[in-house]
Amino acid sequence: MSKTILTVDDSRAMRDMLKMALSDAGYDVVQAEDGVHGLEVLEGEAPDVIITDINMPRMDGFGFMEAVREDQRLRSVPILVLTTEFSPEKKQRARDAGATGWIVKPFDSEKLITAIRRVAA
Amino acid sequence: MDMEEIKQTFFVECEEQLAELESGLLEMEAGEADSETVNAVFRAVHSIKGGAGAFQLEQLVSFAHVFETLLDLIRGDELEASADVVRVLLRAADVLSDLVNAARDGTEADESVWQPMKAELDQFINSNGDTSPSGAESAEDEVPVQDGPDEFGFEPIPISLDMFETEDDEAAGEYTVRFRPTRELFQSASEPLFILRELSGMGMATIECDTSNVPTLDAFDPTASYLGWTITIRGVENKDSLHEPFDFVEDQCELEITAIASGEATGALEEVSEDDLSPPVLEEIVTSPAEIEVEVAADAEMADEPKVQAQVSDAPAKVAEPSKQSANAAPATIRVDLERVDRLINLVGELVVNQAMLSQRVVEAGLTETSSVMMGLDELEQLTREIQDSVMAIRAQPVKTLLQRMSRVVREAADATGKIVRLRTEGESTEIDKTVIERLADPLTHMIRNAVDHGLEMPEKRSKAEKSEEGTIELSAAHRSGRVVIEIKDDGAGINRDKVRSIAVEKGLIGADAQLSDNEIDNLIFLPGFSTATEVSNLSGRGVGMDVVKRSIQALGGRISISSRPGHGSTFTMSLPLTLAVLDGMVVTVGGQTLVVPLTAIVETLKPKNSDVHNMGCDAAVVAVRDSFVPLIEVSEKLAFGEERTNPSDGVIILVETDEGKQNALLVDSIQDQRQVVIKSLEVSYGHIPGVAAATILGDGRVALILDVGELVQHVPGSSLNSDQPMMLEAS
Amino acid sequence: MNTTANKSDDEICEIVSFSVGAQEFGIDIQSVREIRGWTEETVLPRSPHYVRGVINLRGAVLPIVDLAARLEMGPSEPSARNVIIVTQINDQLVGLLVQSVSDILSVNKSQIQPTPDVASDLAKNFVRGVLPSENGMLSLIEIKDILPVELGEAA
């Protein structure tokens, strides 16, 4: 039984890289291009983990996470934030918006998988 | 999918981001930007930096980082985007583009350009009071390390366990970890189970759960956290590594990691702690998640949200169903490989040919025009044309990116020549076939450079002439009567006709006493061998003449001309076909062969009399057409189709006109009919033949060549005719 | 010319054998796209003597090279009995006009002998190896340079 991970990032190259790393580790990957699209996808089945970028058009990562956390159904889905920006303020802001953890870009597959396993089965 | 492919995707995205960046910056320059524009500009650079980091493109990353930092200040309203600043940003965008290209091509970008640019950006950042972020050492790029000395989320209890630690203890690699989550940890959807699992995987671990705080049911708060864990772990080399599993939750729990003095029994809880009552000891050695699960489940069912339970114990396989919904707000688009589109276009082209062949065969079979078969075929033809139009429209793209590229060309040209220039564009949404757009880039670039370099005057000269110091170039694209018309208009000095004329005479392009109209003089610049660059400037000293530009435009099936008003400026006008794939042509017979003459070149057809034909010299001839004499070209001879000379009165004359208005009379054997043909490139399958533009496949399945009238009427090597002498031409 | 060195000598390759004039030639099947009968070409003006013209290959324009003429064996006078071997050279398709196609042979790479050191430049340029065959000798054709390189955009 494989886990499903929703990846939300406006860069196709980034989505492709995540998909490659995650599929290799045995996860099923669902993709979205930005916050709005991510919410649409989430109207279907809830994934086991969400990985989202911060800087995206239409709806950014913070807005997306806040919206996800408002949904009862999704309140306990772990969300990992994928970003290059990393000040304590940004971390706190991510946390306030509902992030469970974070992954720093550029990521290596190992760190990615470790982070995922730290928040999900 | 592999990294190479993803890298390609990245570079494609970079192009898009750079385009966004440029258009956003231009809006800012024009004072039309809002906060969303600034955000978009920031995101563009941020994206490029992010991706570049993944592919370890160091130079690109370091430049993009500084650029991004400056943009961040602007979007955070900490720095004003004044005109000066925006100008710097535009130049930075150009440098960024160069760095991206260098990274993509694997070449080195010019350090003497990007290093100083980076320093300039740094200056703006520093003058704003922030510490300089240049270089990649900023905290932003590092993996988040624990902040400050206070590693734990709480105040150490009075009885500090640290005093029991000795160096020996640490060397023994045995530690006690005390972990008590706060409710915030669960609110962030963290799950102690996985954290403990990661921790226990780092050595030999014993985990004990402290359930002493769990209240009775009536006092129970589902969102509170009542559990704590004590983990004794052995065989850990590095104490700091024990913090890793808690990386996400450090400020959401009470965490205490202490070394155990060697010799102490594992599992003994001798240290006094406020929270530490004597808990019922649960199962030993719970490295198996399933077991922990059972215990945790038993006691913690209320502490966690129900959903977390389901995740931990069942985790049903969820079939990943990719969302079929795409954006509702923006028009739905999909990305398609250009190869697939080209294949589709080829197939549709063949469909058209096949359908034509079918029609022909049916006619030959003797069916009448009104029979149902013929009518069905007519409908088929309609459908096929519609499919063809739709397919061609797929490849059509707005010229916006092309026009935007020109703004950089103008900037650089203005810088290089010391002129002040403004570019105005119009008709960005005009759509042209993608391949045409690509092939227009070079000619347009050259014409714009030309306009800046030769068309526009230096600022002082302009103000003396009572013009504004800033010159304007207007670049517009529009659809007009089935073609695309592109104009480049400058408000410069116009063409110096005397100079042009004398250069042309000097180079033997026209006779010294040739009578030419103003317009004809203007168009002399398109002649091969013409160049006005008496002073070699930075830009135009490369010897690429306007004739090359003209050839490029003609190769696209287009026409180009120039008109000028001395003192006021010049206008280049280009007209291009909407699509490269089909052509209206006149099918003719020449020397036994079937050829196609593009209809756009044809003025009229005539049936000559022998008396109308006059020889000039030993190897040239003209034919009288009303009041003038037009050079006569025997097509079969020009193309070397055989020895037979056609007797003019036996053949037909097709009067053609080139873009400059030069007329020639093409002598062919006969005219078959007029029809639309699908263009098949000959260059791709074979190569270039002077006088031949392309090939097509006729209804009977045979290949027919499409004439390149412009080339044909020029001097073709090896032929006896020399027709590029306008002095033989009299105005008709 | 040496036999190709990038595969081990034990490998089998398949050769399409055909005749031009009275001689036997062969071409690696990997370069061959299809084989069809001859149809009359549309002449290309000012083309080399061995380029007969172009024909319509299912909607694509296919140049036809008269192999006999290319090898300076005299121009062919083809009829419907002649054969066109459609080959792929890099990204281009080129049709080779030959007399007839005989067979497809499975040949061990080690059987291919280097081109004998004859005086002919043509032989050296176009023959990449020889094989003993039923009828005597079969010359393996190198088609890379069949079309002249100078053909391209005239300035």
# chains A, B, ... in the order shown; residues from 1 in each chain; ligands from 1
>>> select_by_dssp(residues="region 296-515 of chain B", states="helix (DSSP H, G or I)", output="CSV table (one decimal) with C-alpha atoms, in the first residue's frame")
chain,number,residue,atom,x,y,z
B,296,VAL,CA,0.0,4.6,22.0
B,297,ALA,CA,-3.3,3.8,20.6
B,298,ALA,CA,-4.5,2.4,23.8
B,299,ASP,CA,-3.6,5.4,25.9
B,300,ALA,CA,-3.6,8.2,23.5
B,306,PRO,CA,-9.3,10.8,15.2
B,307,LYS,CA,-7.8,11.3,11.8
B,308,VAL,CA,-4.3,10.8,13.0
B,309,GLN,CA,-5.3,7.4,14.4
B,310,ALA,CA,-6.6,6.3,11.0
B,311,GLN,CA,-3.3,7.4,9.5
B,312,VAL,CA,-1.2,5.6,11.9
B,313,SER,CA,-3.0,2.3,12.1
B,314,ASP,CA,-4.7,1.8,8.9
B,338,LEU,CA,6.5,21.1,-30.9
B,339,GLU,CA,7.4,17.9,-32.6
B,340,ARG,CA,3.9,16.6,-32.2
B,341,VAL,CA,2.4,19.8,-33.6
B,342,ASP,CA,4.7,19.6,-36.6
B,343,ARG,CA,3.8,16.0,-37.2
B,344,LEU,CA,0.1,17.0,-37.0
B,345,ILE,CA,0.7,19.7,-39.5
B,346,ASN,CA,2.5,17.5,-41.9
B,347,LEU,CA,-0.2,14.9,-41.7
B,348,VAL,CA,-2.8,17.5,-42.4
B,349,GLY,CA,-0.8,18.7,-45.3
B,350,GLU,CA,-0.8,15.2,-46.7
B,351,LEU,CA,-4.5,15.0,-46.1
B,352,VAL,CA,-5.0,18.0,-48.2
B,353,VAL,CA,-2.8,16.6,-51.0
B,354,ASN,CA,-4.6,13.2,-50.8
B,355,GLN,CA,-7.9,14.9,-51.0
B,356,ALA,CA,-6.8,16.8,-54.0
B,357,MET,CA,-5.6,13.7,-55.7
B,358,LEU,CA,-8.8,11.9,-55.0
B,359,SER,CA,-10.8,14.8,-56.5
B,360,GLN,CA,-8.6,14.7,-59.6
B,361,ARG,CA,-9.0,10.9,-60.0
B,362,VAL,CA,-12.7,11.2,-59.7
B,363,VAL,CA,-12.8,13.8,-62.3
B,364,GLU,CA,-10.7,11.7,-64.6
B,372,SER,CA,-23.2,13.0,-55.3
B,373,VAL,CA,-19.6,11.8,-55.3
B,374,MET,CA,-18.4,15.1,-56.5
B,375,MET,CA,-20.5,16.9,-54.0
B,376,GLY,CA,-19.2,14.7,-51.3
B,377,LEU,CA,-15.7,15.5,-52.4
B,378,ASP,CA,-16.5,19.2,-52.3
B,379,GLU,CA,-17.6,18.8,-48.7
B,380,LEU,CA,-14.5,16.8,-48.0
B,381,GLU,CA,-12.4,19.7,-49.4
B,382,GLN,CA,-14.2,22.2,-47.2
B,383,LEU,CA,-13.6,20.1,-44.1
B,384,THR,CA,-10.0,19.5,-44.9
B,385,ARG,CA,-9.4,23.2,-45.3
B,386,GLU,CA,-11.0,23.9,-42.0
B,387,ILE,CA,-8.9,21.3,-40.3
B,388,GLN,CA,-5.9,22.8,-41.9
B,389,ASP,CA,-6.7,26.3,-40.7
B,390,SER,CA,-7.3,25.0,-37.2
B,391,VAL,CA,-4.1,23.1,-37.1
B,392,MET,CA,-2.1,26.1,-38.4
B,393,ALA,CA,-3.7,28.2,-35.7
B,394,ILE,CA,-2.2,25.9,-33.1
B,400,LYS,CA,4.5,39.7,-27.8
B,401,THR,CA,7.8,37.9,-26.8
B,402,LEU,CA,9.4,38.9,-30.0
B,403,LEU,CA,8.5,42.5,-29.6
B,404,GLN,CA,9.7,42.4,-26.0
B,405,ARG,CA,13.0,41.1,-27.0
B,406,MET,CA,13.4,44.1,-29.1
B,407,SER,CA,13.3,46.4,-26.1
B,408,ARG,CA,16.5,44.8,-24.9
B,409,VAL,CA,18.0,45.3,-28.4
B,410,VAL,CA,17.1,49.0,-28.2
B,411,ARG,CA,18.5,49.4,-24.7
B,412,GLU,CA,21.8,47.9,-25.8
B,413,ALA,CA,22.0,49.7,-29.0
B,414,ALA,CA,21.2,53.0,-27.3
B,415,ASP,CA,23.9,52.4,-24.8
B,416,ALA,CA,26.5,51.5,-27.4
B,417,THR,CA,25.8,54.5,-29.6
B,434,LYS,CA,5.8,30.2,-34.4
B,435,THR,CA,8.4,29.3,-37.0
B,436,VAL,CA,8.0,32.7,-38.6
B,437,ILE,CA,8.4,34.4,-35.2
B,438,GLU,CA,11.6,32.6,-34.7
B,439,ARG,CA,13.0,33.5,-38.0
B,440,LEU,CA,12.0,37.1,-37.7
B,441,ALA,CA,14.1,37.7,-34.6
B,442,ASP,CA,17.4,38.2,-36.5
B,443,PRO,CA,16.1,40.5,-39.2
B,444,LEU,CA,14.1,42.6,-36.7
B,445,THR,CA,17.1,42.9,-34.5
B,446,HIS,CA,19.2,44.1,-37.3
B,447,MET,CA,16.6,46.6,-38.5
B,448,ILE,CA,16.2,48.0,-35.0
B,449,ARG,CA,19.9,48.3,-34.5
B,450,ASN,CA,20.1,50.0,-37.9
B,451,ALA,CA,17.3,52.4,-36.9
B,452,VAL,CA,19.1,53.4,-33.7
B,453,ASP,CA,22.5,53.6,-35.2
B,454,HIS,CA,21.8,55.2,-38.6
B,455,GLY,CA,18.2,56.4,-38.4
B,459,PRO,CA,20.7,63.9,-28.8
B,460,GLU,CA,22.5,67.3,-29.5
B,461,LYS,CA,21.7,67.1,-33.1
B,462,ARG,CA,18.1,66.3,-32.4
B,463,SER,CA,17.6,69.3,-30.1
B,464,LYS,CA,19.2,71.6,-32.6
B,497,ARG,CA,19.2,60.2,-50.5
B,498,ASP,CA,22.2,61.9,-52.1
B,499,LYS,CA,24.5,59.8,-50.1
B,500,VAL,CA,22.7,56.6,-50.9
B,501,ARG,CA,22.6,57.4,-54.5
B,502,SER,CA,26.2,58.2,-54.8
B,503,ILE,CA,27.2,55.0,-52.9
B,504,ALA,CA,25.1,53.0,-55.3
B,505,VAL,CA,26.8,54.6,-58.3
B,506,GLU,CA,30.2,54.1,-56.7
>>> closest_atom_pairs(of="chain A", to="chain B", cutoff="8 Å", atoms="only C-alpha atoms", output="tab-separated table")
residue	atom	partner	partner_atom	distance
A:Met1	CA	B:Ala317	CA	4.9
A:Ser2	CA	B:Ala317	CA	5.8
A:Lys3	CA	B:Ala317	CA	6.4
A:Thr4	CA	B:Ala320	CA	6.2
A:Ser11	CA	B:Ser47	CA	7.2
A:Arg12	CA	B:Thr9	CA	7.1
A:Ala13	CA	B:Phe10	CA	4.9
A:Met14	CA	B:Gly51	CA	6.9
A:Asp16	CA	B:Ile6	CA	6.4
A:Met17	CA	B:Ile6	CA	6.9
A:Met20	CA	B:Met1	CA	7.5
A:Asp28	CA	B:Ala320	CA	6.1
A:Val29	CA	B:Ala320	CA	6.7
A:Val30	CA	B:Pro322	CA	5.6
A:Gln31	CA	B:Pro322	CA	7.0
A:His37	CA	B:Ala327	CA	6.7
A:Glu40	CA	B:Gln325	CA	7.3
A:Val41	CA	B:Ser323	CA	5.3
A:Gly44	CA	B:Ser323	CA	7.8
A:Glu45	CA	B:Lys318	CA	7.4
A:Pro47	CA	B:Lys318	CA	7.3
A:Asp48	CA	B:Gln311	CA	7.8
A:Asn55	CA	B:Arg43	CA	6.3
A:Met56	CA	B:Arg43	CA	7.2
A:Pro57	CA	B:Ala40	CA	7.3
A:Arg73	CA	B:Lys307	CA	8.0
A:Arg75	CA	B:Ala189	CA	7.0
A:Ser76	CA	B:Ala189	CA	4.6
A:Val77	CA	B:Ala189	CA	6.0
A:Pro78	CA	B:Ala189	CA	5.1
A:Ile79	CA	B:Ala189	CA	7.7
A:Thr84	CA	B:Asp141	CA	6.1
A:Glu85	CA	B:Glu140	CA	5.2
A:Phe86	CA	B:Glu140	CA	4.5
A:Ser87	CA	B:Glu140	CA	5.8
A:Pro88	CA	B:Asp147	CA	7.8
A:Arg95	CA	B:Ser188	CA	7.3
A:Gly98	CA	B:Ser188	CA	5.7
A:Ala99	CA	B:Ser188	CA	6.1
A:Thr100	CA	B:Ser188	CA	4.9
A:Gly101	CA	B:Phe248	CA	5.0
A:Trp102	CA	B:Phe248	CA	7.3
A:Val104	CA	B:Val143	CA	6.3
A:Lys105	CA	B:Gly50	CA	6.6
A:Pro106	CA	B:Ala54	CA	4.6
A:Phe107	CA	B:Ala54	CA	7.0
A:Arg117	CA	B:Phe194	CA	6.7
A:Arg118	CA	B:Phe194	CA	5.2
A:Val119	CA	B:Ser190	CA	5.7
A:Ala120	CA	B:Phe194	CA	6.4
A:Ala121	CA	B:Phe194	CA	6.7
>>> write_last_selection(atoms="N, CA and C atoms", output="short mmCIF file (atom, residue, chain, number, x, y, z; two decimals), in the first residue's frame")
data_model
loop_
_atom_site.label_atom_id
_atom_site.label_comp_id
_atom_site.auth_asym_id
_atom_site.auth_seq_id
_atom_site.Cartn_x
_atom_site.Cartn_y
_atom_site.Cartn_z
N MET A 1 0.87 -1.20 0.00
CA MET A 1 0.00 0.00 0.00
C MET A 1 0.89 1.22 0.00
N SER A 2 0.82 2.00 -1.06
CA SER A 2 1.75 3.13 -1.07
C SER A 2 1.05 4.42 -0.65
N LYS A 3 1.84 5.29 -0.12
CA LYS A 3 1.33 6.57 0.35
C LYS A 3 1.22 7.55 -0.80
N THR A 4 0.31 8.48 -0.64
CA THR A 4 0.14 9.50 -1.66
C THR A 4 0.66 10.84 -1.16
N SER A 11 6.69 25.61 -10.42
CA SER A 11 7.75 25.28 -11.37
C SER A 11 7.63 23.83 -11.81
N ARG A 12 7.49 23.64 -13.11
CA ARG A 12 7.36 22.28 -13.59
C ARG A 12 8.63 21.48 -13.33
N ALA A 13 9.77 22.17 -13.48
CA ALA A 13 11.04 21.47 -13.24
C ALA A 13 11.08 20.94 -11.80
N MET A 14 10.62 21.77 -10.88
CA MET A 14 10.62 21.36 -9.47
C MET A 14 9.65 20.21 -9.26
N ASP A 16 8.75 18.02 -11.38
CA ASP A 16 9.35 16.82 -11.97
C ASP A 16 10.40 16.22 -11.04
N MET A 17 11.22 17.09 -10.46
CA MET A 17 12.28 16.58 -9.58
C MET A 17 11.69 15.91 -8.34
N MET A 20 10.23 12.57 -9.30
CA MET A 20 11.27 11.57 -9.52
C MET A 20 11.76 11.02 -8.18
N ASP A 28 3.22 7.48 -4.25
CA ASP A 28 2.42 7.93 -5.38
C ASP A 28 2.37 9.45 -5.32
N VAL A 29 2.54 10.08 -6.47
CA VAL A 29 2.62 11.53 -6.46
C VAL A 29 1.47 12.16 -7.21
N VAL A 30 0.84 13.15 -6.57
CA VAL A 30 -0.18 13.96 -7.23
C VAL A 30 0.37 15.38 -7.29
N GLN A 31 0.10 16.09 -8.39
CA GLN A 31 0.74 17.40 -8.54
C GLN A 31 -0.28 18.53 -8.67
N HIS A 37 -5.00 25.61 -7.43
CA HIS A 37 -5.05 24.29 -8.03
C HIS A 37 -4.94 23.22 -6.94
N GLU A 40 -8.16 22.62 -5.29
CA GLU A 40 -9.06 21.86 -6.17
C GLU A 40 -8.76 20.38 -6.08
N VAL A 41 -7.46 20.06 -6.13
CA VAL A 41 -7.08 18.66 -6.06
C VAL A 41 -7.52 18.05 -4.75
N GLY A 44 -10.78 16.23 -3.88
CA GLY A 44 -10.89 14.79 -4.07
C GLY A 44 -10.36 14.07 -2.85
N GLU A 45 -9.50 13.10 -3.06
CA GLU A 45 -8.99 12.34 -1.93
C GLU A 45 -7.91 13.10 -1.19
N PRO A 47 -4.43 13.44 0.55
CA PRO A 47 -3.18 12.70 0.44
C PRO A 47 -2.65 12.39 1.84
N ASP A 48 -1.57 11.63 1.87
CA ASP A 48 -0.97 11.32 3.16
C ASP A 48 -0.05 12.43 3.62
N ASN A 55 6.41 30.57 -2.68
CA ASN A 55 6.17 31.62 -3.67
C ASN A 55 5.50 31.06 -4.91
N MET A 56 4.20 31.33 -5.01
CA MET A 56 3.47 30.86 -6.19
C MET A 56 2.46 31.93 -6.59
N PRO A 57 2.11 31.99 -7.85
CA PRO A 57 1.10 32.96 -8.25
C PRO A 57 -0.29 32.53 -7.78
N ARG A 73 -11.37 18.00 7.50
CA ARG A 73 -10.93 16.74 6.93
C ARG A 73 -9.40 16.70 6.77
N ARG A 75 -7.17 18.67 8.51
CA ARG A 75 -6.41 19.32 9.59
C ARG A 75 -5.20 18.55 10.05
N SER A 76 -5.25 17.24 9.90
CA SER A 76 -4.10 16.50 10.42
C SER A 76 -3.23 15.90 9.33
N VAL A 77 -3.39 16.39 8.12
CA VAL A 77 -2.47 15.95 7.07
C VAL A 77 -1.17 16.73 7.24
N PRO A 78 -0.05 16.07 7.38
CA PRO A 78 1.20 16.80 7.55
C PRO A 78 1.55 17.58 6.28
N ILE A 79 2.01 18.82 6.52
CA ILE A 79 2.40 19.65 5.38
C ILE A 79 3.86 20.03 5.52
N THR A 84 13.44 28.08 -0.46
CA THR A 84 14.82 28.50 -0.30
C THR A 84 14.92 29.54 0.81
N GLU A 85 13.79 30.17 1.08
CA GLU A 85 13.85 31.23 2.08
C GLU A 85 13.80 30.64 3.45
N PHE A 86 14.73 30.99 4.29
CA PHE A 86 14.64 30.41 5.59
C PHE A 86 15.09 31.21 6.79
N SER A 87 14.41 32.23 7.08
CA SER A 87 14.72 32.94 8.30
C SER A 87 13.82 32.41 9.41
N PRO A 88 14.18 32.64 10.66
CA PRO A 88 13.29 32.23 11.76
C PRO A 88 11.89 32.84 11.61
N ARG A 95 4.89 28.03 10.21
CA ARG A 95 4.29 27.29 11.31
C ARG A 95 2.91 27.84 11.62
N GLY A 98 0.32 26.75 9.41
CA GLY A 98 -0.09 25.36 9.53
C GLY A 98 0.94 24.33 9.08
N ALA A 99 2.15 24.79 8.80
CA ALA A 99 3.14 23.84 8.33
C ALA A 99 3.57 22.90 9.44
N THR A 100 3.85 21.66 9.06
CA THR A 100 4.33 20.67 10.00
C THR A 100 5.85 20.69 10.04
N GLY A 101 6.43 20.82 8.86
CA GLY A 101 7.88 20.80 8.80
C GLY A 101 8.33 21.48 7.53
N TRP A 102 9.63 21.37 7.20
CA TRP A 102 10.14 22.08 6.04
C TRP A 102 11.27 21.33 5.38
N VAL A 104 14.49 22.31 2.72
CA VAL A 104 15.18 23.44 2.12
C VAL A 104 15.62 23.10 0.69
N LYS A 105 15.40 24.06 -0.23
CA LYS A 105 15.87 23.89 -1.60
C LYS A 105 17.28 24.45 -1.68
N PRO A 106 18.17 23.87 -2.46
CA PRO A 106 17.99 22.62 -3.18
C PRO A 106 17.98 21.41 -2.26
N PHE A 107 17.06 20.49 -2.53
CA PHE A 107 16.95 19.37 -1.62
C PHE A 107 17.69 18.18 -2.21
N ARG A 117 9.34 10.94 6.26
CA ARG A 117 9.16 9.88 7.22
C ARG A 117 9.06 10.40 8.64
N ARG A 118 9.52 11.62 8.82
CA ARG A 118 9.44 12.20 10.15
C ARG A 118 8.01 12.64 10.45
N VAL A 119 7.24 12.84 9.42
CA VAL A 119 5.88 13.31 9.67
C VAL A 119 4.80 12.33 9.23
N ALA A 120 5.20 11.30 8.54
CA ALA A 120 4.17 10.36 8.09
C ALA A 120 4.73 8.95 8.09
N ALA A 121 3.81 8.02 7.95
CA ALA A 121 4.22 6.62 8.04
C ALA A 121 5.18 6.24 6.92
#
>>> closest_residue(among="C:Ala80, C:Val51, C:Val118, C:Val98", to="chain B", atoms="only C-alpha atoms")
C:Val51
>>> residues_around(residues="Ile143 (chain C)", least_positions_apart="2", cutoff="9 Å", atoms="only C-alpha atoms", output="list in words")
Ile27, Ser31, Thr87, Gln88, Ile89, Phe126, Val127, Ile141, Asp145, Ile146 and Leu147 of chain C
>>> write_last_selection(atoms="C-alpha atoms", output="CSV table (one decimal), in the first residue's frame")
chain,number,residue,atom,x,y,z
C,27,ILE,CA,23.8,-1.7,-47.5
C,31,SER,CA,19.9,2.6,-42.8
C,87,THR,CA,17.6,5.3,-47.0
C,88,GLN,CA,18.1,7.5,-44.0
C,89,ILE,CA,21.2,9.6,-43.8
C,126,PHE,CA,31.8,4.9,-51.0
C,127,VAL,CA,32.9,1.4,-50.3
C,141,ILE,CA,28.1,1.0,-49.6
C,145,ASP,CA,28.4,11.2,-48.5
C,146,ILE,CA,26.0,10.2,-51.2
C,147,LEU,CA,24.6,13.6,-51.4
>>> residues_around(residues="region 112-116 of chain A", least_positions_apart="6", cutoff="8 Å", atoms="only C-alpha atoms", output="PyMOL selection string")
chain A and resi 22+25+49+80+101-103
>>> write_last_selection(atoms="N, CA and C atoms", output="short mmCIF file (atom, residue, chain, number, x, y, z; two decimals), in the first residue's frame")
data_model
loop_
_atom_site.label_atom_id
_atom_site.label_comp_id
_atom_site.auth_asym_id
_atom_site.auth_seq_id
_atom_site.Cartn_x
_atom_site.Cartn_y
_atom_site.Cartn_z
N LEU A 22 10.34 11.16 -5.22
CA LEU A 22 9.31 10.50 -4.42
C LEU A 22 8.89 9.16 -5.01
N ALA A 25 11.15 6.47 -4.24
CA ALA A 25 11.04 5.98 -2.88
C ALA A 25 9.74 5.25 -2.65
N VAL A 49 0.57 13.09 2.65
CA VAL A 49 1.46 14.22 2.97
C VAL A 49 1.27 15.28 1.90
N LEU A 80 4.62 19.77 4.49
CA LEU A 80 6.02 20.17 4.48
C LEU A 80 6.19 21.33 3.51
N GLY A 101 6.43 20.82 8.86
CA GLY A 101 7.88 20.80 8.80
C GLY A 101 8.33 21.48 7.53
N TRP A 102 9.63 21.37 7.20
CA TRP A 102 10.14 22.08 6.04
C TRP A 102 11.27 21.33 5.38
N ILE A 103 11.42 21.65 4.12
CA ILE A 103 12.52 21.10 3.34
C ILE A 103 13.18 22.26 2.62
#
>>> select_by_dssp(residues="chain A", states="strand (DSSP E or B)", output="list in words")
Thr4, Ile5, Leu6, Thr7, Val8, Asp28, Val29, Val30, Gln31, Ala32, Val49, Ile50, Ile51, Thr52, Asp53, Ile79, Leu80, Val81, Leu82, Thr83, Gly101, Trp102, Ile103 and Val104 of chain A
>>> atom_distance(atom1="CA of Lys118 (chain B)", atom2="CA of Met28 (chain B)")
20.7 Å
>>> atom_distance(atom1="CA of Leu655 (chain B)", atom2="CA of Glu520 (chain B)")
19.8 Å
>>> closest_residue(among="C:Val130, C:Arg33, C:Val43, C:Asn90", to="Lys109 (chain C)", atoms="only C-alpha atoms")
C:Val130
